[in-house]
$ cat model_3.txt   # compact mmCIF, C-alpha atoms and all ligand atoms
# COMPACT_ATOMS: atom_id res chain seq x y z
CA MET A 153 -86.08 205.32 217.79
CA ALA A 154 -89.11 203.29 216.98
CA ILE A 155 -90.23 199.77 216.34
CA LEU A 156 -91.64 199.59 212.82
CA LYS A 157 -94.46 197.36 211.63
CA ILE A 158 -93.18 194.43 209.57
CA VAL A 159 -95.12 193.94 206.34
CA GLU A 160 -96.25 190.37 205.74
CA GLU A 161 -96.47 188.21 202.64
CA GLY A 162 -99.51 189.07 200.55
CA ASP A 163 -98.81 192.80 200.73
CA ASP A 164 -97.87 194.15 197.26
CA ILE A 165 -95.05 196.25 198.71
CA LEU A 166 -92.94 193.11 199.17
CA ARG A 167 -93.15 192.48 195.40
CA LYS A 168 -91.90 195.85 194.23
CA LYS A 169 -88.41 196.78 193.09
CA CYS A 170 -86.71 199.24 195.44
CA ARG A 171 -85.11 202.50 194.31
CA GLU A 172 -81.47 203.41 194.89
CA VAL A 173 -80.64 205.78 197.73
CA THR A 174 -79.23 208.91 196.06
CA GLU A 175 -78.59 210.92 199.22
CA ILE A 176 -78.16 209.82 202.83
CA THR A 177 -80.63 212.22 204.42
CA PRO A 178 -81.60 212.47 208.13
CA LYS A 179 -84.71 210.52 207.12
CA ILE A 180 -82.56 207.63 205.86
CA LEU A 181 -80.51 207.68 209.09
CA THR A 182 -83.69 207.53 211.15
CA LEU A 183 -84.90 204.65 209.01
CA LEU A 184 -81.63 202.77 209.69
CA ASP A 185 -81.98 203.39 213.45
CA ASP A 186 -85.59 202.24 213.43
CA MET A 187 -84.77 199.16 211.35
CA ARG A 188 -82.08 198.28 213.90
CA ASP A 189 -84.56 198.49 216.78
CA THR A 190 -87.11 196.54 214.78
CA LEU A 191 -84.68 193.74 213.84
CA ILE A 192 -83.45 193.33 217.42
CA LYS A 193 -87.02 193.33 218.79
CA ALA A 194 -88.07 190.73 216.20
CA ASN A 195 -85.04 188.59 217.05
CA GLY A 196 -84.15 188.29 213.36
CA VAL A 197 -80.92 187.96 211.41
CA GLY A 198 -81.74 190.43 208.64
CA LEU A 199 -84.28 193.07 207.66
CA ALA A 200 -84.79 194.86 204.34
CA ALA A 201 -86.41 198.30 203.94
CA PRO A 202 -89.42 197.01 201.94
CA GLN A 203 -90.27 194.81 204.93
CA VAL A 204 -91.04 197.99 206.84
CA GLY A 205 -92.84 199.53 203.87
CA ILE A 206 -89.98 201.62 202.43
CA LEU A 207 -89.04 200.95 198.80
CA ARG A 208 -85.36 201.88 199.08
CA ARG A 209 -82.28 199.72 198.47
CA ILE A 210 -81.32 199.25 202.13
CA PHE A 211 -80.98 196.20 204.34
CA ILE A 212 -79.35 195.43 207.67
CA ILE A 213 -78.08 192.22 209.23
CA ASP A 214 -77.23 191.28 212.81
CA ALA A 215 -73.84 189.56 212.76
CA GLY A 216 -73.69 189.44 216.57
CA ALA A 217 -73.45 186.35 218.69
CA GLY A 218 -77.10 186.52 219.72
CA GLU A 219 -78.63 187.24 223.13
CA ASP A 220 -77.52 190.79 223.93
CA GLN A 221 -74.49 190.77 221.63
CA HIS A 222 -75.72 192.57 218.57
CA GLU A 223 -73.55 193.67 215.68
CA ILE A 224 -75.74 195.46 213.18
CA ILE A 225 -74.27 196.03 209.74
CA GLU A 226 -76.05 198.48 207.45
CA PHE A 227 -76.03 198.10 203.65
CA ILE A 228 -77.12 200.99 201.43
CA ASN A 229 -77.35 200.32 197.65
CA PRO A 230 -75.84 196.83 198.10
CA ARG A 231 -74.53 194.76 195.22
CA ILE A 232 -73.44 191.11 195.35
CA ILE A 233 -69.99 191.14 193.74
CA GLU A 234 -68.83 187.57 194.40
CA THR A 235 -70.25 184.21 195.46
CA LYS A 236 -68.53 180.93 196.25
CA GLY A 237 -69.68 177.40 196.96
CA HIS A 238 -73.17 176.09 197.59
CA GLN A 239 -75.43 175.27 200.52
CA GLU A 240 -78.89 173.88 201.06
CA GLU A 241 -80.06 174.99 204.48
CA VAL A 242 -83.11 176.19 206.39
CA GLU A 243 -84.32 179.73 205.92
CA GLY A 244 -87.14 181.83 207.31
CA CYS A 245 -88.37 185.39 206.86
CA LEU A 246 -89.87 187.92 209.28
CA SER A 247 -92.45 188.69 206.57
CA VAL A 248 -93.46 185.02 206.33
CA PRO A 249 -93.94 184.33 210.05
CA GLY A 250 -93.98 180.80 211.42
CA LYS A 251 -92.71 179.20 208.22
CA TYR A 252 -89.36 177.74 207.24
CA GLY A 253 -87.97 176.11 204.13
CA VAL A 254 -84.81 174.70 202.62
CA THR A 255 -83.20 176.92 200.00
CA SER A 256 -80.31 176.61 197.57
CA ARG A 257 -77.80 179.44 198.07
CA PRO A 258 -74.10 180.14 197.62
CA MET A 259 -72.04 179.36 200.75
CA THR A 260 -70.02 182.57 200.78
CA VAL A 261 -71.25 185.92 199.52
CA THR A 262 -69.42 189.23 199.18
CA VAL A 263 -71.47 192.42 199.02
CA GLU A 264 -70.31 195.91 198.15
CA ALA A 265 -72.42 198.68 199.64
CA THR A 266 -72.40 202.21 201.03
CA ASP A 267 -72.41 202.81 204.78
CA ARG A 268 -74.29 205.56 206.65
CA ASN A 269 -71.31 207.91 206.23
CA GLY A 270 -71.38 207.52 202.47
CA LYS A 271 -68.29 205.30 202.35
CA THR A 272 -68.11 202.22 200.13
CA PHE A 273 -67.27 198.96 201.89
CA THR A 274 -67.31 195.24 201.20
CA TYR A 275 -68.57 192.55 203.54
CA THR A 276 -68.23 188.80 203.18
CA GLY A 277 -70.57 186.39 204.93
CA SER A 278 -70.61 182.58 204.98
CA ALA A 279 -73.12 179.88 205.89
CA LEU A 280 -76.00 181.62 207.77
CA TYR A 281 -74.71 185.03 206.65
CA GLY A 282 -74.24 183.89 203.06
CA ARG A 283 -77.92 182.90 203.01
CA CYS A 284 -78.91 186.07 204.80
CA LEU A 285 -77.10 188.42 202.38
CA CYS A 286 -78.78 186.75 199.37
CA HIS A 287 -82.16 186.72 201.11
CA GLU A 288 -82.06 190.40 202.06
CA ASN A 289 -80.70 191.46 198.68
CA ASP A 290 -83.56 189.56 196.98
CA HIS A 291 -86.08 191.58 199.05
CA LEU A 292 -84.85 194.73 197.26
CA ASP A 293 -86.02 193.23 193.96
CA GLY A 294 -89.35 191.96 195.26
CA ILE A 295 -88.18 188.36 195.61
CA LEU A 296 -89.04 186.15 198.62
CA TYR A 297 -87.29 182.88 199.53
CA ILE A 298 -90.59 181.02 199.16
CA ASP A 299 -90.42 181.75 195.40
CA SER A 300 -87.56 179.29 194.93
CA VAL A 301 -87.75 177.17 198.11
CA LEU A 302 -86.73 173.54 197.62
CA GLU A 303 -88.97 172.25 200.40
CA MET A 304 -91.17 173.89 203.03
CA LEU A 305 -90.74 172.38 206.51
CA ASP A 306 -93.12 171.68 209.33
CA PRO A 307 -92.33 174.50 211.84
CA ASP A 308 -92.42 171.95 214.69
CA ASP A 309 -89.36 170.25 213.20
CA VAL A 310 -87.27 173.44 213.15
CA GLU A 311 -85.44 174.80 216.18
ZN ZN B 1 -87.09 188.09 204.47
$ encode --input "model_3.txt" --output "structure tokens"
Amino acid sequence: MAILKIVEEGDDILRKKCREVTEITPKILTLLDDMRDTLIKANGVGLAAPQVGILRRIFIIDAGAGEDQHEIIEFINPRIIETKGHQEEVEGCLSVPGKYGVTSRPMTVTVEATDRNGKTFTYTGSALYGRCLCHENDHLDGILYIDSVLEMLDPDDVE
């Protein structure tokens, strides 16, 4: 278990396309464990592998209720298979610290992915989690929310 360094905007690694995971090796499992520790420590909602310098198609989200109630969901080789509705809400990114902006996203997003045991599953998230699934999936293709942000906000105005 380790806390990984989060790469920040300006680093080329955040702009690269990630490769598929072809085999869930002990190294991948360690990466997932370390990403979990890193996300919880950073108090974030989601974290993608390129944000810790690894160009693999992996992201995790914390669907827990906050505080000490964490529910980490791991997505390997994720694919958005369905979206519904629309939202314009505030978004931030651990790789763009101290900044927030309003983005245009679907309201509800369904992702198909592989779990750490190699099993395929689907997960549907709405509102915050709809934004989060799109945001993390974009990271795997080198896309940041600031690329398509509708409006950047003054951090003092955001909770
Ligand atoms: Zn991000």
$ closest_atom_pairs --input "model_3.txt" --of "chain A" --to "ligand ZN 1 (chain B)" --cutoff "6 Å" --atoms "only C-alpha atoms and all ligand atoms" --output "JSON lines"
{"residue": "A:Cys245", "atom": "CA", "partner": "B:ZN1", "partner_atom": "ZN", "distance": 3.8}
{"residue": "A:Leu246", "atom": "CA", "partner": "B:ZN1", "partner_atom": "ZN", "distance": 5.6}
{"residue": "A:Ser247", "atom": "CA", "partner": "B:ZN1", "partner_atom": "ZN", "distance": 5.8}
$ write_last_selection --input "model_3.txt" --atoms "C-alpha atoms" --output "CSV table (one decimal), keeping the file's coordinate frame"
chain,number,residue,atom,x,y,z
A,245,CYS,CA,-88.4,185.4,206.9
A,246,LEU,CA,-89.9,187.9,209.3
A,247,SER,CA,-92.4,188.7,206.6
$ atom_distance --input "model_3.txt" --atom1 "atom CA of Val159 of chain A" --atom2 "atom CA of Arg208 of chain A"
14.5 Å
$ closest_residue --input "model_3.txt" --among "A:Cys286, A:Val261, A:Leu207, A:Val301" --to "Arg167 of chain A" --atoms "only C-alpha atoms"
A:Leu207
$ residues_around --input "model_3.txt" --residues "Thr260 of chain A" --least-positions-apart "2" --cutoff "7 Å" --atoms "all atoms listed in the file" --output "list in words"
Thr235, Lys236, Gly237, Pro258, Thr262, Thr276, Gly277, Ser278, Ala279 and Gly282 of chain A
$ atom_distance --input "model_3.txt" --atom1 "atom CA of Leu184 of chain A" --atom2 "atom CA of Asp299 of chain A"
26.9 Å
$ closest_residue --input "model_3.txt" --among "A:Gly198, A:Pro249, A:Gly294, A:Gly270" --to "Lys168 of chain A" --atoms "all atoms listed in the file"
A:Gly294
$ atom_distance --input "model_3.txt" --atom1 "atom CA of Pro202 of chain A" --atom2 "atom CA of Asp306 of chain A"
26.6 Å
$ residues_around --input "model_3.txt" --residues "Glu288 of chain A" --least-positions-apart "3" --cutoff "7 Å" --atoms "only C-alpha atoms" --output "number ranges by chain"
A: 198-200, 211, 284-285, 291
$ closest_residue --input "model_3.txt" --among "A:Glu175, A:Leu280, A:Ser300, A:Ala154" --to "Ile213 of chain A" --atoms "only C-alpha atoms"
A:Leu280
$ residues_around --input "model_3.txt" --residues "Lys251 of chain A" --least-positions-apart "6" --cutoff "12 Å" --atoms "only C-alpha atoms" --output "list in words"
Glu160, Glu161, Val242, Glu243, Gly244, Cys245, Tyr297, Ile298, Val301, Glu303, Met304, Leu305, Asp306, Pro307, Asp308, Asp309, Val310 and Glu311 of chain A
$ residues_around --input "model_3.txt" --residues "Asp189 of chain A" --least-positions-apart "6" --cutoff "9 Å" --atoms "all atoms listed in the file" --output "compact mmCIF listing (two decimals) with C-alpha atoms, in the frame of the given file"
# COMPACT_ATOMS: atom_id res chain seq x y z
CA MET A 153 -86.08 205.32 217.79
CA ALA A 154 -89.11 203.29 216.98
CA ILE A 155 -90.23 199.77 216.34
CA LEU A 156 -91.64 199.59 212.82
$ closest_residue --input "model_3.txt" --among "A:Val173, A:Ala201, A:Ile233, A:Ile206" --to "Arg188 of chain A" --atoms "only C-alpha atoms"
A:Ala201
$ closest_residue --input "model_3.txt" --among "A:Ala217, A:Leu302, A:Leu292, A:Leu191" --to "Arg257 of chain A" --atoms "all atoms listed in the file"
A:Leu302
$ closest_residue --input "model_3.txt" --among "A:Asn269, A:Thr274, A:Ser256, A:Gly162" --to "Thr177 of chain A" --atoms "all atoms listed in the file"
A:Asn269
$ residues_near_point --input "model_3.txt" --point "(-64.2, 197.0, 204.5)" --cutoff "12 Å" --atoms "only C-alpha atoms" --output "ChimeraX atom specification"
/A:225,227,262-267,271-276
$ build_atoms --input "model_3.txt" --residues "segment 262-278 of chain A" --atoms "N, CA, C and O atoms" --output "JSON list (two decimals), in the coordinates of the input"
[["chain", "number", "residue", "atom", "x", "y", "z"],
["A", 262, "THR", "N", -70.05, 187.93, 198.93],
["A", 262, "THR", "CA", -69.42, 189.23, 199.18],
["A", 262, "THR", "C", -70.30, 190.33, 198.58],
["A", 262, "THR", "O", -70.71, 190.24, 197.42],
["A", 263, "VAL", "N", -70.60, 191.30, 199.42],
["A", 263, "VAL", "CA", -71.47, 192.42, 199.02],
["A", 263, "VAL", "C", -70.67, 193.71, 199.09],
["A", 263, "VAL", "O", -69.90, 193.93, 200.04],
["A", 264, "GLU", "N", -70.85, 194.55, 198.09],
["A", 264, "GLU", "CA", -70.31, 195.91, 198.15],
["A", 264, "GLU", "C", -71.49, 196.84, 198.40],
["A", 264, "GLU", "O", -72.55, 196.66, 197.80],
["A", 265, "ALA", "N", -71.31, 197.78, 199.30],
["A", 265, "ALA", "CA", -72.42, 198.68, 199.64],
["A", 265, "ALA", "C", -71.85, 200.00, 200.16],
["A", 265, "ALA", "O", -70.64, 200.16, 200.30],
["A", 266, "THR", "N", -72.76, 200.93, 200.45],
["A", 266, "THR", "CA", -72.40, 202.21, 201.03],
["A", 266, "THR", "C", -72.83, 202.17, 202.49],
["A", 266, "THR", "O", -73.89, 201.62, 202.80],
["A", 267, "ASP", "N", -72.01, 202.74, 203.38],
["A", 267, "ASP", "CA", -72.41, 202.81, 204.78],
["A", 267, "ASP", "C", -73.10, 204.15, 205.07],
["A", 267, "ASP", "O", -73.26, 204.98, 204.17],
["A", 268, "ARG", "N", -73.51, 204.36, 206.33],
["A", 268, "ARG", "CA", -74.29, 205.56, 206.65],
["A", 268, "ARG", "C", -73.48, 206.87, 206.51],
["A", 268, "ARG", "O", -74.06, 207.96, 206.48],
["A", 269, "ASN", "N", -72.14, 206.73, 206.43],
["A", 269, "ASN", "CA", -71.31, 207.91, 206.23],
["A", 269, "ASN", "C", -71.00, 208.17, 204.76],
["A", 269, "ASN", "O", -70.20, 209.06, 204.43],
["A", 270, "GLY", "N", -71.58, 207.33, 203.89],
["A", 270, "GLY", "CA", -71.38, 207.52, 202.47],
["A", 270, "GLY", "C", -70.15, 206.82, 201.93],
["A", 270, "GLY", "O", -69.78, 206.99, 200.77],
["A", 271, "LYS", "N", -69.51, 206.01, 202.77],
["A", 271, "LYS", "CA", -68.29, 205.30, 202.35],
["A", 271, "LYS", "C", -68.65, 203.93, 201.78],
["A", 271, "LYS", "O", -69.51, 203.23, 202.31],
["A", 272, "THR", "N", -67.92, 203.55, 200.72],
["A", 272, "THR", "CA", -68.11, 202.22, 200.13],
["A", 272, "THR", "C", -67.33, 201.19, 200.95],
["A", 272, "THR", "O", -66.21, 201.46, 201.39],
["A", 273, "PHE", "N", -67.96, 200.03, 201.19],
["A", 273, "PHE", "CA", -67.27, 198.96, 201.89],
["A", 273, "PHE", "C", -67.68, 197.63, 201.29],
["A", 273, "PHE", "O", -68.67, 197.56, 200.55],
["A", 274, "THR", "N", -66.88, 196.59, 201.58],
["A", 274, "THR", "CA", -67.31, 195.24, 201.20],
["A", 274, "THR", "C", -67.42, 194.40, 202.45],
["A", 274, "THR", "O", -66.72, 194.63, 203.45],
["A", 275, "TYR", "N", -68.34, 193.45, 202.41],
["A", 275, "TYR", "CA", -68.57, 192.55, 203.54],
["A", 275, "TYR", "C", -68.76, 191.15, 202.98],
["A", 275, "TYR", "O", -69.51, 190.95, 202.01],
["A", 276, "THR", "N", -68.10, 190.19, 203.60],
["A", 276, "THR", "CA", -68.23, 188.80, 203.18],
["A", 276, "THR", "C", -68.86, 187.99, 204.30],
["A", 276, "THR", "O", -68.42, 188.06, 205.45],
["A", 277, "GLY", "N", -69.91, 187.25, 203.95],
["A", 277, "GLY", "CA", -70.57, 186.39, 204.93],
["A", 277, "GLY", "C", -70.65, 184.97, 204.41],
["A", 277, "GLY", "O", -70.80, 184.74, 203.21],
["A", 278, "SER", "N", -70.53, 184.00, 205.35],
["A", 278, "SER", "CA", -70.61, 182.58, 204.98],
["A", 278, "SER", "C", -71.71, 181.90, 205.76],
["A", 278, "SER", "O", -72.14, 182.40, 206.80]]
